[in-house]
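Participant: Got a file for you: data11.cif, mmCIF, C-alpha atoms.
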```cif
data_model
loop_
_atom_site.label_atom_id
_atom_site.label_comp_id
_atom_site.auth_asym_id
_atom_site.auth_seq_id
_atom_site.Cartn_x
_atom_site.Cartn_y
_atom_site.Cartn_z
CA MET A 1 67.21 154.80 206.89
CA SER A 2 66.55 153.59 203.37
CA LYS A 3 70.13 152.68 202.47
CA SER A 4 70.53 150.22 205.34
CA ALA A 5 66.87 149.18 205.58
CA VAL A 6 65.94 145.51 205.41
CA VAL A 7 63.14 145.11 202.88
CA VAL A 8 61.02 142.04 202.18
CA VAL A 9 59.04 141.88 198.93
CA THR A 10 56.71 138.94 198.32
CA GLY A 11 56.22 137.54 194.84
CA VAL A 12 59.31 138.77 193.00
CA SER A 13 59.38 136.19 190.20
CA SER A 14 58.13 138.75 187.69
CA GLY A 15 56.16 141.93 187.14
CA ILE A 16 55.66 144.56 189.82
CA GLY A 17 57.32 142.51 192.56
CA ARG A 18 60.50 141.99 190.58
CA ALA A 19 60.67 145.66 189.51
CA ALA A 20 60.15 146.81 193.11
CA ALA A 21 62.85 144.48 194.45
CA GLU A 22 65.27 145.84 191.84
CA LYS A 23 64.53 149.45 192.80
CA PHE A 24 65.00 148.78 196.50
CA ALA A 25 68.33 147.09 195.74
CA GLU A 26 69.43 150.01 193.57
CA ARG A 27 68.67 152.29 196.52
CA GLY A 28 71.12 150.34 198.65
CA CYS A 29 68.63 148.43 200.77
CA ARG A 30 69.19 144.89 201.94
CA VAL A 31 66.46 143.14 199.95
CA PHE A 32 64.88 139.73 200.38
CA GLY A 33 62.45 138.61 197.68
CA THR A 34 60.12 135.68 198.15
CA VAL A 35 59.38 133.12 195.45
CA ARG A 36 57.52 129.81 195.53
CA SER A 37 60.56 127.95 194.16
CA THR A 38 64.13 129.22 194.34
CA THR A 39 65.24 126.59 191.80
CA LYS A 40 62.85 127.92 189.14
CA ALA A 41 63.20 131.65 189.83
CA GLN A 42 65.61 133.92 187.97
CA SER A 43 68.16 135.70 190.13
CA ILE A 44 67.85 139.44 190.75
CA PRO A 45 71.03 141.50 191.31
CA GLY A 46 71.28 142.60 194.93
CA VAL A 47 68.27 140.55 196.03
CA VAL A 48 68.37 137.41 198.19
CA LEU A 49 65.66 134.99 197.08
CA VAL A 50 63.77 133.19 199.83
CA GLU A 51 61.45 130.27 199.20
CA MET A 52 58.02 131.08 200.60
CA ASP A 53 54.45 130.32 199.55
CA VAL A 54 52.05 132.92 200.96
CA ARG A 55 49.22 130.34 200.75
CA ASP A 56 50.87 128.11 203.35
CA ASP A 57 51.16 129.00 207.06
CA ALA A 58 54.28 126.93 207.73
CA SER A 59 56.02 128.17 204.59
CA VAL A 60 55.44 131.79 205.57
CA GLN A 61 56.75 131.23 209.09
CA ARG A 62 59.86 129.46 207.76
CA GLY A 63 60.52 132.19 205.21
CA ILE A 64 60.24 135.06 207.67
CA GLN A 65 62.36 133.22 210.26
CA THR A 66 65.02 132.65 207.59
CA ILE A 67 65.13 136.39 206.88
CA ILE A 68 65.21 137.32 210.58
CA GLY A 69 67.99 134.79 211.11
CA GLU A 70 70.09 136.50 208.46
CA ALA A 71 69.19 140.18 208.85
CA LYS A 72 67.99 140.32 212.50
CA ARG A 73 65.24 142.77 211.58
CA ILE A 74 62.66 143.73 208.93
CA ASP A 75 62.06 147.42 208.27
CA VAL A 76 59.73 147.21 205.27
CA LEU A 77 57.32 144.48 204.17
CA VAL A 78 55.82 144.75 200.69
CA ASN A 79 52.86 142.39 200.29
CA ASN A 80 52.88 142.05 196.52
CA ALA A 81 52.20 138.35 195.82
CA GLY A 82 48.76 137.92 194.29
CA GLY A 83 46.62 136.34 191.64
CA SER A 84 43.72 137.25 189.37
CA LEU A 85 40.54 135.69 188.03
CA LEU A 86 38.25 136.59 185.14
CA GLY A 87 34.61 135.60 185.15
CA SER A 88 31.17 136.74 186.12
CA VAL A 89 30.20 136.49 189.78
CA GLU A 90 27.60 133.85 188.93
CA GLU A 91 30.17 131.70 187.11
CA THR A 92 32.78 131.81 189.89
CA SER A 93 32.75 128.73 192.09
CA ILE A 94 33.21 128.91 195.84
CA THR A 95 36.41 126.89 195.45
CA GLU A 96 37.80 129.40 192.92
CA ALA A 97 36.84 132.31 195.16
CA GLN A 98 38.45 130.66 198.19
CA SER A 99 41.65 130.01 196.23
CA LEU A 100 41.86 133.64 195.13
CA PHE A 101 41.22 134.95 198.65
CA ASN A 102 43.76 132.50 200.05
CA THR A 103 46.47 134.25 198.03
CA ASN A 104 45.28 137.85 197.83
CA VAL A 105 43.83 138.29 201.32
CA PHE A 106 44.98 135.52 203.62
CA GLY A 107 48.44 135.60 202.06
CA VAL A 108 48.73 139.24 203.11
CA LEU A 109 47.40 138.35 206.55
CA ARG A 110 49.82 135.44 207.03
CA THR A 111 52.89 137.42 206.05
CA THR A 112 51.84 140.48 208.04
CA GLN A 113 51.20 138.42 211.18
CA ALA A 114 54.59 136.73 210.79
CA VAL A 115 56.42 140.06 210.48
CA LEU A 116 54.56 142.18 213.04
CA PRO A 117 56.11 140.69 216.22
CA HIS A 118 59.56 141.69 214.93
CA MET A 119 58.43 145.19 213.94
CA ARG A 120 56.72 145.67 217.30
CA ALA A 121 59.89 144.60 219.12
CA GLN A 122 61.99 147.13 217.18
CA ARG A 123 59.22 149.78 217.53
CA SER A 124 59.31 150.68 213.84
CA GLY A 125 58.32 149.44 210.42
CA ARG A 126 56.36 150.11 207.26
CA ILE A 127 53.97 147.63 205.62
CA VAL A 128 53.12 148.33 201.98
CA ASN A 129 50.14 146.36 200.67
CA ILE A 130 49.68 146.23 196.91
CA SER A 131 46.02 146.73 196.13
CA SER A 132 44.57 147.90 192.80
CA VAL A 133 42.27 150.55 191.40
CA LEU A 134 39.76 147.68 191.61
CA GLY A 135 40.12 147.97 195.36
CA PHE A 136 38.06 151.16 195.16
CA LEU A 137 36.47 150.92 191.69
CA PRO A 138 35.02 147.46 190.95
CA ALA A 139 34.88 146.26 187.36
CA PRO A 140 32.62 143.70 185.66
CA TYR A 141 33.90 140.15 185.22
CA MET A 142 36.55 140.80 187.87
CA GLY A 143 34.17 140.72 190.80
CA LEU A 144 36.04 138.31 193.07
CA TYR A 145 39.40 139.93 192.33
CA SER A 146 37.82 143.30 193.15
CA ALA A 147 36.35 141.83 196.33
CA SER A 148 39.75 140.51 197.40
CA LYS A 149 41.34 143.93 196.92
CA HIS A 150 38.48 145.63 198.79
CA ALA A 151 39.22 143.21 201.64
CA VAL A 152 42.92 144.14 201.57
CA GLU A 153 42.00 147.83 201.72
CA GLY A 154 39.71 147.37 204.72
CA MET A 155 42.25 145.24 206.56
CA SER A 156 45.05 147.71 205.82
CA GLU A 157 43.19 150.76 207.12
CA THR A 158 42.20 148.91 210.29
CA LEU A 159 45.72 147.58 210.81
CA ASP A 160 47.23 151.04 210.46
CA HIS A 161 45.08 152.29 213.34
CA GLU A 162 46.16 149.37 215.51
CA VAL A 163 49.93 149.35 214.93
CA ARG A 164 50.86 153.02 214.76
CA GLN A 165 51.23 152.92 218.57
CA PHE A 166 54.31 150.74 217.93
CA GLY A 167 55.87 153.06 215.35
CA ILE A 168 54.55 150.98 212.44
CA ARG A 169 52.50 152.38 209.55
CA VAL A 170 50.58 150.69 206.76
CA VAL A 171 50.28 152.02 203.20
CA LEU A 172 48.20 150.96 200.19
CA VAL A 173 49.52 151.22 196.62
CA GLU A 174 46.75 151.10 194.01
CA PRO A 175 48.02 150.49 190.45
CA SER A 176 45.90 150.47 187.32
CA TYR A 177 46.71 148.44 184.20
CA THR A 178 50.39 147.52 184.18
CA LYS A 179 52.24 145.58 181.50
CA THR A 180 52.69 142.29 183.37
CA SER A 181 51.54 138.72 182.84
CA LEU A 182 49.03 138.89 185.72
CA ASP A 183 46.06 140.16 183.70
CA ILE A 184 47.05 138.82 180.30
CA ASN A 185 47.39 135.30 181.70
CA ALA A 186 44.58 135.61 184.24
CA PRO A 187 42.74 132.31 184.71
CA GLN A 188 39.07 132.26 183.84
CA ALA A 189 36.27 130.76 185.88
CA ALA A 190 36.04 127.11 184.85
CA SER A 191 32.26 126.65 184.67
CA LYS A 192 31.21 129.14 182.04
CA ILE A 193 27.58 130.13 181.61
CA PRO A 194 26.82 130.68 177.89
CA ALA A 195 24.59 133.70 178.59
CA TYR A 196 27.71 135.65 179.58
CA ASP A 197 29.94 134.46 176.70
CA ALA A 198 29.61 137.41 174.32
CA GLU A 199 30.11 140.18 176.88
CA ARG A 200 32.80 138.29 178.81
CA ASP A 201 34.80 137.81 175.61
CA VAL A 202 34.53 141.54 174.82
CA VAL A 203 35.76 142.43 178.29
CA SER A 204 38.57 139.87 178.10
CA ARG A 205 39.84 141.33 174.80
CA ALA A 206 39.60 144.86 176.20
CA ILE A 207 41.67 143.87 179.25
CA VAL A 208 44.39 142.35 177.08
CA LYS A 209 44.49 145.46 174.90
CA ASN A 210 44.65 147.78 177.92
CA VAL A 211 47.45 145.73 179.47
CA ASN A 212 49.43 145.68 176.22
CA ASP A 213 49.06 149.46 175.97
CA ALA A 214 49.93 150.01 179.65
CA PRO A 215 53.29 151.22 181.01
CA ALA A 216 55.91 148.82 182.33
CA PRO A 217 56.01 148.13 186.10
CA ASP A 218 58.73 150.74 186.76
CA SER A 219 56.37 153.56 187.73
CA VAL A 220 54.46 151.31 190.12
CA ALA A 221 57.76 150.12 191.60
CA ALA A 222 58.85 153.74 192.14
CA THR A 223 55.55 154.42 193.91
CA ILE A 224 56.15 151.39 196.16
CA VAL A 225 59.60 152.66 197.15
CA ASP A 226 58.14 156.08 197.87
CA ALA A 227 55.38 154.45 199.93
CA ALA A 228 58.03 152.60 201.94
CA PHE A 229 60.22 155.57 202.76
CA GLY A 230 58.21 158.72 202.07
CA THR A 231 55.88 160.65 204.31
CA TRP A 232 53.01 158.40 205.35
CA ARG A 233 49.83 158.54 203.26
CA MET A 234 47.23 155.79 203.46
CA ARG A 235 46.83 155.52 199.69
CA ARG A 236 49.22 156.07 196.83
CA THR A 237 48.27 155.77 193.17
CA PRO A 238 50.99 155.75 190.50
CA LYS A 239 50.93 158.68 188.09
CA GLY A 240 48.69 158.31 185.06
CA GLN A 241 45.48 156.33 184.82
CA ALA A 242 45.45 155.10 188.42
CA SER A 243 45.72 158.63 189.80
CA LEU A 244 43.03 159.85 187.41
CA LEU A 245 40.63 157.04 188.35
CA SER A 246 41.15 157.77 192.03
CA LYS A 247 40.15 161.40 191.52
CA LEU A 248 37.16 160.45 189.36
CA ARG A 249 35.93 158.01 191.99
CA ARG A 250 36.17 160.67 194.70
CA PHE A 251 34.74 163.66 192.90
CA MET A 252 32.59 162.53 189.95
CA PRO A 253 28.92 161.48 190.25
CA ALA A 254 28.30 157.74 190.22
CA GLY A 255 26.56 157.75 186.81
CA PRO A 256 29.46 159.07 184.74
CA VAL A 257 31.93 156.87 186.63
CA ASP A 258 29.78 153.80 185.89
CA ALA A 259 29.56 154.76 182.22
CA GLY A 260 33.32 155.31 182.07
CA VAL A 261 34.05 151.86 183.49
CA ARG A 262 31.83 150.23 180.86
CA LYS A 263 33.29 152.27 178.04
CA GLY A 264 36.83 151.38 179.11
CA LEU A 265 35.93 147.70 178.78
CA SER A 266 34.13 148.13 175.44
CA MET A 267 30.76 147.27 176.99
CA SER A 268 27.56 148.69 175.54
#
```
Let's see the structure in the file written out as structure tokens.
Facilitator:
Amino acid sequence: MSKSAVVVVTGVSSGIGRAAAEKFAERGCRVFGTVRSTTKAQSIPGVVLVEMDVRDDASVQRGIQTIIGEAKRIDVLVNNAGGSLLGSVEETSITEAQSLFNTNVFGVLRTTQAVLPHMRAQRSGRIVNISSVLGFLPAPYMGLYSASKHAVEGMSETLDHEVRQFGIRVVLVEPSYTKTSLDINAPQAASKIPAYDAERDVVSRAIVKNVNDAPAPDSVAATIVDAAFGTWRMRRTPKGQASLLSKLRRFMPAGPVDAGVRKGLSMS
């Protein structure tokens, strides 16, 4: 199926989304990649760029209808588009939290709801939702981002129960640090509270260092392709740190896991 499959990947301007779109194209799939602006986005060999903003209901409906009009079907949806935010929970405004959830959670919901009628009609499909290790292992100063990924994980597991009767399955991919601009250029909560300054700055520097030392998006992209076409498993973690953290979370006592999180972010 994979060579003739129609694949939609959201957020392909850069990073994991772009790498995944390239790998699907190399595999011979018919690939559509969504971007907020087709005039500003760089072309990707073998990938048709579609203008779509996952934060906007009408834009999502137009984008998916454009793809259906051209390809007549969608076999795989990869919900990759997302954002990040750095700041303590106390510093994060409701508006900032709503904006983040609008992309990371409601964006997934909008795109999924737009695609599902077509997958149900064809009685097949695979939805791959890009989560994070923070979807199962929260980290300080990334509380709202962690919360958004926890929400994606809960929604994905529920959805998989509901749609498997139609031949559709849902998969989560949970990367760890990946060398992309998402974390390095993550916006910070606007209203900073001085009491958090010293520790927040330590964590921010640790994140940048970890991202700079992290592997390129290729291994995550390979995991996404495997999640799309391989034997169904609810969760897939790329090899390396993400896989290790998943095992630690499942099998290690809470105390050592907590200490490990703090050590990894250079916190005392």
Participant: Do you have the atom CA of Leu100 of chain A-atom CA of Arg62 of chain A distance handy?
Facilitator: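 Interatomic distance, atom CA of Leu100 of chain A to atom CA of Arg62 of chain A: 22.4 Å.
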Participant: List, as a compact mmCIF listing (two decimals) with C-alpha atoms, keeping the file's coordinate frame, every residue that the PyMOL selection byres ((chain A and resi 218) around 10) selects in the file provided.
Facilitator:
```
# COMPACT_ATOMS: atom_id res chain seq x y z
CA GLY A 15 56.16 141.93 187.14
CA ILE A 16 55.66 144.56 189.82
CA ARG A 18 60.50 141.99 190.58
CA ALA A 19 60.67 145.66 189.51
CA ALA A 20 60.15 146.81 193.11
CA GLU A 22 65.27 145.84 191.84
CA LYS A 23 64.53 149.45 192.80
CA THR A 178 50.39 147.52 184.18
CA LYS A 179 52.24 145.58 181.50
CA PRO A 215 53.29 151.22 181.01
CA ALA A 216 55.91 148.82 182.33
CA PRO A 217 56.01 148.13 186.10
CA SER A 219 56.37 153.56 187.73
CA VAL A 220 54.46 151.31 190.12
CA ALA A 221 57.76 150.12 191.60
CA ALA A 222 58.85 153.74 192.14
CA THR A 223 55.55 154.42 193.91
CA ILE A 224 56.15 151.39 196.16
CA PRO A 238 50.99 155.75 190.50
```
Participant: At a cut-off of 9 Å, using all atoms listed in the file, what residues contact segment 30-37 of chain A? Leave out same-chain residues fewer than 3 positions from it and give the result as a ChimeraX atom specification.
Facilitator: /A:3-13,17-18,21-22,24-25,40-41,44,46-54,63,67,71,81
Participant: What do you get, as a JSON list (two decimals) with C-alpha atoms, keeping the file's coordinate frame, if you spell out every residue that the PyMOL selection byres ((chain A and resi 209) around 12) selects here?
Facilitator:
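Saved to result_5.json:
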```
[["chain", "number", "residue", "atom", "x", "y", "z"],
["A", 177, "TYR", "CA", 46.71, 148.44, 184.20],
["A", 178, "THR", "CA", 50.39, 147.52, 184.18],
["A", 179, "LYS", "CA", 52.24, 145.58, 181.50],
["A", 183, "ASP", "CA", 46.06, 140.16, 183.70],
["A", 184, "ILE", "CA", 47.05, 138.82, 180.30],
["A", 202, "VAL", "CA", 34.53, 141.54, 174.82],
["A", 203, "VAL", "CA", 35.76, 142.43, 178.29],
["A", 204, "SER", "CA", 38.57, 139.87, 178.10],
["A", 205, "ARG", "CA", 39.84, 141.33, 174.80],
["A", 206, "ALA", "CA", 39.60, 144.86, 176.20],
["A", 207, "ILE", "CA", 41.67, 143.87, 179.25],
["A", 208, "VAL", "CA", 44.39, 142.35, 177.08],
["A", 210, "ASN", "CA", 44.65, 147.78, 177.92],
["A", 211, "VAL", "CA", 47.45, 145.73, 179.47],
["A", 212, "ASN", "CA", 49.43, 145.68, 176.22],
["A", 213, "ASP", "CA", 49.06, 149.46, 175.97],
["A", 214, "ALA", "CA", 49.93, 150.01, 179.65],
["A", 264, "GLY", "CA", 36.83, 151.38, 179.11],
["A", 265, "LEU", "CA", 35.93, 147.70, 178.78],
["A", 266, "SER", "CA", 34.13, 148.13, 175.44]]
```
Participant: Mind telling me what the PyMOL selection byres ((chain A and resi 105) around 9) catches here, as a CSV table (one decimal) with C-alpha atoms, keeping the file's coordinate frame?
Facilitator:
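Generated output (result_14.csv):
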```
chain,number,residue,atom,x,y,z
A,82,GLY,CA,48.8,137.9,194.3
A,100,LEU,CA,41.9,133.6,195.1
A,101,PHE,CA,41.2,135.0,198.6
A,102,ASN,CA,43.8,132.5,200.0
A,103,THR,CA,46.5,134.2,198.0
A,104,ASN,CA,45.3,137.8,197.8
A,106,PHE,CA,45.0,135.5,203.6
A,107,GLY,CA,48.4,135.6,202.1
A,108,VAL,CA,48.7,139.2,203.1
A,109,LEU,CA,47.4,138.4,206.6
A,110,ARG,CA,49.8,135.4,207.0
A,148,SER,CA,39.8,140.5,197.4
A,149,LYS,CA,41.3,143.9,196.9
A,151,ALA,CA,39.2,143.2,201.6
A,152,VAL,CA,42.9,144.1,201.6
A,155,MET,CA,42.2,145.2,206.6
```
Participant: Closest to Ser131 of chain A among A:Ser146, A:Gln61, A:Ser99, A:Gln113, using all atoms listed in the file?
Facilitator: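 Counting all atoms listed in the file, the residue closest to Ser131 of chain A is A:Ser146.
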Participant: Can you work out which one of A:Ser191, A:Thr111, A:Thr231, A:Thr39 has the shortest atom-to-atom distance to Glu96 of chain A, counting all atoms listed in the file?
Facilitator: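 When distances to Glu96 of chain A are compared using all atoms listed in the file, the smallest one comes from A:Ser191.
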